[in-house]
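First comes the structure, then the notes that go with it.
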Amino acid sequence: MQRFLDLADFERAEVKDLLGLASRLQQNPDPHALAGKVLGLLFMNPSLRTLASFQSGMMRLGGSVFVITPGQGTWQLETRNGAVMNGAAAEHIKEAVPVMASYCDALGVRMFAEGKNLQADINETGFKMIADLCDKPLINLESAVNHPCQALADWYTMDELNVPERGKFVISWVNHPRALPLAVPSATVQMAAMRGMDVVVLRPEGYALPDAIMEKARVAARASGGNVTETTDRPAALKGAQVVYAKEWGSPQHYGDAEAETRLREDLVDWCVKDSWFKHTAPDCHLMHCLPVRRNVAVDDEVLDSSRSVVIREAFNRMVVQMAVLHRLLRNK
Ligand code: CP
């Protein structure tokens with residue numbers, strides 16, 4: 001494996017093989033596997049889990065990590081092609097990324113969507129620019145429309161919880177004070193489709209996921225024997241669900257238009273997961289969320305504090321599965 005950028009780059013069997021390695025490493029730790037190896041992490045955007053879980057995972061495998069958060073003790077970085085650099089950014093990624101790559105054996109990069117042009121973000125314009133500058137094994141730590149590490153951890157979590165591969169998986173839009181990127185919903189729909197699940201995207205009017213993202217997931221579902229549908233009908237979607245995955249995302253219909261988005265959200269305060277949502281789900285239906293989560297805006301306390309919630313386990317499993325990714329990328333290289 002040279003790069004870990006998108007679950008869709010792998011066959012279902014390859015993902016399952018990676019999850020098997022994660023499980024083996026969890027049961028039989030390999031604390032010297034990556035001795036002498038260095039992981040570089042470039043965070044163009046904030047993080048808690050991704051930052052800490054990669055550092056911890058790399059150290060548990062015997063390796064070392066350096067972290068660059070531009071503008072916080074290091075130069076602010078310019079990303080625009082052809083920019084006249086007379087502003088705050090002192091260095092361009094065209095120099096910074098190859099320099100960072102030269103210091104490490106693998107590089108992880110987080111670069112969120114710009115949130116202005118939907119097609120440019122779907123095309124991963126920003127992340128691809130960085131990827132093209134890196135000649136070392138590369139890990140996507142969350143890009144405009146992808147978060148493969150989160151998706152891998154969520155697949156692992158469902159396996160641990162014995163959620164059936166053919167089970168009903170509902171990803172529901174939930175509220176947030178502002179528009180959030182499409183990375184997690186896109187990666188999550190893809191993951192559940194690849195796993196072979198009956199995937200339902202539940203969302204209000206105006207929040208349909210872009211066709212390109214849905215079609216990509218449908219292709220994966222056709223290969224795995226799963227199914228992907230979309231609805232605004234909450235009771236129908238939740239009926240018999242084994243998983244409710246709560247996620248906030250901005251309206252693709254009003255992409256880059258914060259005022260229109262705010263108006264659309266005004267009537268959507270009831271899109272906050274409550275205990276009553278689970279009245280007709282499977283009795284042991286799990287609540288998943290990638291975190292961070294806004295309590296009592298996206299998910300009520302009564303659900304997050306209940307035994308349905310597996311959010312802490314999902315976050316822990318970030319470290320577990322990323323250790324397998326690092327092992328695959330760096331062992332014997
Ligand atoms: N879920 C996730 O990626 O968390 P962070 O943004 O804190 O890394």
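By convention here, the chains of the structure tokens are called A, B, ... in the order presented, each chain's residues are numbered starting at 1, and ligands are numbered starting at 1 in the order presented.
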Return as a PyMOL selection string every polymer residue, whether protein, DNA or RNA, with at least one atom no more than 10 Å from an atom of ligand 1; count only C-alpha atoms and all ligand atoms. chain A and resi 43+45-54+110+141-142+147-151+153+183-184+289-293+311+314-315+318
May I have all residues of segment 55-288 of chain A that DSSP, computed from the backbone, assigns to alpha helix (DSSP H), given as a PyMOL selection string? chain A and resi 55-60+93-103+118-122+125-132+148-160+183-195+211-224+234-238+258-265
Please indicate the distance in Å from atom CA of Leu202 of chain A to atom CA of Thr229 of chain A, rounded to one decimal place.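 Here the two named atoms are 8.8 Å from each other.
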Residue nearest Ile130 of chain A - candidates A:Leu42, A:Tyr156, A:Ala90, A:Ala193, atoms counted: only C-alpha atoms: A:Leu42
In terms of the shortest atom-to-atom distance over only C-alpha atoms, which of A:Arg178, A:Phe10, A:Ser276, A:Leu25 is closest to Glu259 of chain A?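 Nearest candidate to Glu259 of chain A out of A:Arg178, A:Phe10, A:Ser276, A:Leu25: A:Arg178.
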Closest to Gly20 of chain A among A:Trp155, A:Phe66, A:Phe316, A:Tyr255, using only C-alpha atoms?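 Looking only at the distances to Gly20 of chain A, the closest residue turns out to be A:Trp155.
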Neighbouring residues of segment 171-175 of chain A were defined as those with any atom within 7 Å, considering only C-alpha atoms; residues of the same chain fewer than 5 positions away were excluded. Please report them as a PyMOL selection string. chain A and resi 200-203+244-249+268-269+271-272+297-298
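Shortest atom-to-atom contact with Ala179 of chain A among A:Pro210, A:Gly226, A:Gly250, A:Gly87: A:Gly250, counting only C-alpha atoms.
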Using only C-alpha atoms: which of A:Ala236, A:Val325, A:Leu5, A:Ala223 has the shortest distance to Asp17 of chain A: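 Closest candidate: A:Val325.
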Excluding Gln2 of chain A and any residue of its chain fewer than 5 positions from it, enumerate the residues within 9 Å of it, using only C-alpha atoms, and give them as a list in words.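 Listing them by chain and then by number gives Lys136, Pro137, Leu138, Arg328, Leu329 and Leu330 of chain A.
Those residues of segment 24-180 of chain A that DSSP, working from the backbone, places in strand (DSSP E) are Val38, Leu39, Gly40, Leu41, Leu42, Phe43, Ser64, Val65, Phe66, Val67, Ile68, Leu77, Glu78, Glu91, His92, Ala106, Leu107, Gly108, Val109, Arg110, Leu138, Ile139, Asn140, Lys168, Phe169, Val170, Ile171, Ser172 and Trp173 of chain A.
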Write to file, as a compact mmCIF listing (two decimals), in the first residue's frame, the residues of the selection just made, with N, CA, C and O atoms.
# COMPACT_ATOMS: atom_id res chain seq x y z
N VAL A 38 9.49 7.82 10.81
CA VAL A 38 8.95 9.13 11.21
C VAL A 38 7.69 9.43 10.39
O VAL A 38 7.70 9.31 9.16
N LEU A 39 6.64 9.81 11.11
CA LEU A 39 5.40 10.23 10.46
C LEU A 39 5.29 11.75 10.57
O LEU A 39 5.45 12.32 11.66
N GLY A 40 5.04 12.42 9.46
CA GLY A 40 4.77 13.87 9.48
C GLY A 40 3.27 14.10 9.37
O GLY A 40 2.59 13.39 8.64
N LEU A 41 2.77 15.06 10.12
CA LEU A 41 1.34 15.39 10.08
C LEU A 41 1.17 16.87 9.78
O LEU A 41 1.72 17.71 10.50
N LEU A 42 0.45 17.18 8.72
CA LEU A 42 0.19 18.58 8.34
C LEU A 42 -1.30 18.85 8.54
O LEU A 42 -2.14 18.25 7.85
N PHE A 43 -1.61 19.72 9.48
CA PHE A 43 -3.00 20.06 9.78
C PHE A 43 -3.30 21.48 9.32
O PHE A 43 -2.95 22.43 10.00
N SER A 64 8.09 7.71 15.46
CA SER A 64 8.06 9.09 15.96
C SER A 64 7.20 9.95 15.04
O SER A 64 6.95 9.57 13.89
N VAL A 65 6.80 11.11 15.55
CA VAL A 65 5.87 11.98 14.81
C VAL A 65 6.33 13.43 14.92
O VAL A 65 6.79 13.85 15.99
N PHE A 66 6.20 14.20 13.82
CA PHE A 66 6.20 15.66 13.97
C PHE A 66 4.91 16.22 13.39
O PHE A 66 4.31 15.63 12.49
N VAL A 67 4.48 17.33 13.97
CA VAL A 67 3.19 17.93 13.59
C VAL A 67 3.42 19.38 13.17
O VAL A 67 4.10 20.13 13.86
N ILE A 68 2.86 19.75 12.03
CA ILE A 68 2.90 21.14 11.57
C ILE A 68 1.47 21.66 11.49
O ILE A 68 0.63 21.08 10.79
N LEU A 77 0.81 29.15 5.49
CA LEU A 77 1.06 28.58 4.16
C LEU A 77 0.07 29.11 3.13
O LEU A 77 -1.14 29.15 3.38
N GLU A 78 0.60 29.46 1.98
CA GLU A 78 -0.23 29.84 0.82
C GLU A 78 -0.55 28.58 0.03
O GLU A 78 0.31 27.69 -0.11
N GLU A 91 5.07 31.29 3.18
CA GLU A 91 5.60 30.13 2.46
C GLU A 91 4.47 29.46 1.67
O GLU A 91 3.32 29.43 2.12
N HIS A 92 4.83 28.92 0.52
CA HIS A 92 3.83 28.24 -0.33
C HIS A 92 3.91 26.73 -0.08
O HIS A 92 5.00 26.20 0.20
N ALA A 106 6.32 8.91 6.00
CA ALA A 106 4.93 8.99 5.53
C ALA A 106 4.39 10.33 6.00
O ALA A 106 4.78 10.84 7.06
N LEU A 107 3.48 10.87 5.20
CA LEU A 107 2.90 12.18 5.54
C LEU A 107 1.38 12.05 5.60
O LEU A 107 0.76 11.45 4.71
N GLY A 108 0.79 12.61 6.65
CA GLY A 108 -0.67 12.72 6.75
C GLY A 108 -1.06 14.18 6.56
O GLY A 108 -0.39 15.07 7.10
N VAL A 109 -2.13 14.41 5.81
CA VAL A 109 -2.54 15.79 5.52
C VAL A 109 -4.03 15.96 5.77
O VAL A 109 -4.85 15.16 5.30
N ARG A 110 -4.37 17.00 6.53
CA ARG A 110 -5.78 17.41 6.67
C ARG A 110 -5.97 18.72 5.95
O ARG A 110 -5.30 19.72 6.25
N LEU A 138 1.22 8.59 1.63
CA LEU A 138 0.37 9.72 2.02
C LEU A 138 -0.93 9.21 2.63
O LEU A 138 -1.52 8.24 2.14
N ILE A 139 -1.38 9.88 3.69
CA ILE A 139 -2.64 9.52 4.36
C ILE A 139 -3.56 10.73 4.35
O ILE A 139 -3.15 11.84 4.70
N ASN A 140 -4.81 10.49 3.97
CA ASN A 140 -5.83 11.55 3.99
C ASN A 140 -6.39 11.64 5.41
O ASN A 140 -7.07 10.73 5.89
N LYS A 168 -29.54 -2.47 8.57
CA LYS A 168 -30.03 -1.17 8.09
C LYS A 168 -29.23 -0.05 8.77
O LYS A 168 -29.20 0.04 10.01
N PHE A 169 -28.62 0.79 7.94
CA PHE A 169 -27.74 1.86 8.40
C PHE A 169 -28.34 3.19 7.96
O PHE A 169 -28.42 3.46 6.76
N VAL A 170 -28.77 3.99 8.93
CA VAL A 170 -29.37 5.29 8.60
C VAL A 170 -28.40 6.40 8.95
O VAL A 170 -28.04 6.56 10.13
N ILE A 171 -27.96 7.13 7.95
CA ILE A 171 -27.17 8.33 8.24
C ILE A 171 -28.13 9.50 8.18
O ILE A 171 -28.77 9.74 7.15
N SER A 172 -28.29 10.18 9.31
CA SER A 172 -29.26 11.26 9.38
C SER A 172 -28.57 12.61 9.50
O SER A 172 -27.68 12.81 10.35
N TRP A 173 -29.01 13.55 8.67
CA TRP A 173 -28.59 14.94 8.82
C TRP A 173 -29.05 15.43 10.19
O TRP A 173 -30.18 15.13 10.63
Give me the residues near Trp75 of chain A as a VMD selection string, where near means some atom within 9 Å (using only C-alpha atoms) and where sequence neighbours in that chain fewer than 3 positions away do not count. chain A and resid 69 to 72 88 to 91
Please determine, counting only C-alpha atoms, which residue among A:Gln26, A:Leu264, A:Gln76, A:Gly82 has the shortest atom-to-atom distance to Leu61 of chain A.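 Answer, going by the shortest atom-to-atom distance: A:Gln26.
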Can you tell me, as a count of residues only, what residues are no more than 9 Å from Arg218 of chain A when counting only C-alpha atoms, ignoring any on the same chain fewer than 2 positions away? 14
Write out as a count of residues only each polymer residue whose atoms come within 12 Å of Asp132 of chain A, counting only C-alpha atoms; drop sequence neighbours fewer than 6 positions from it. 10
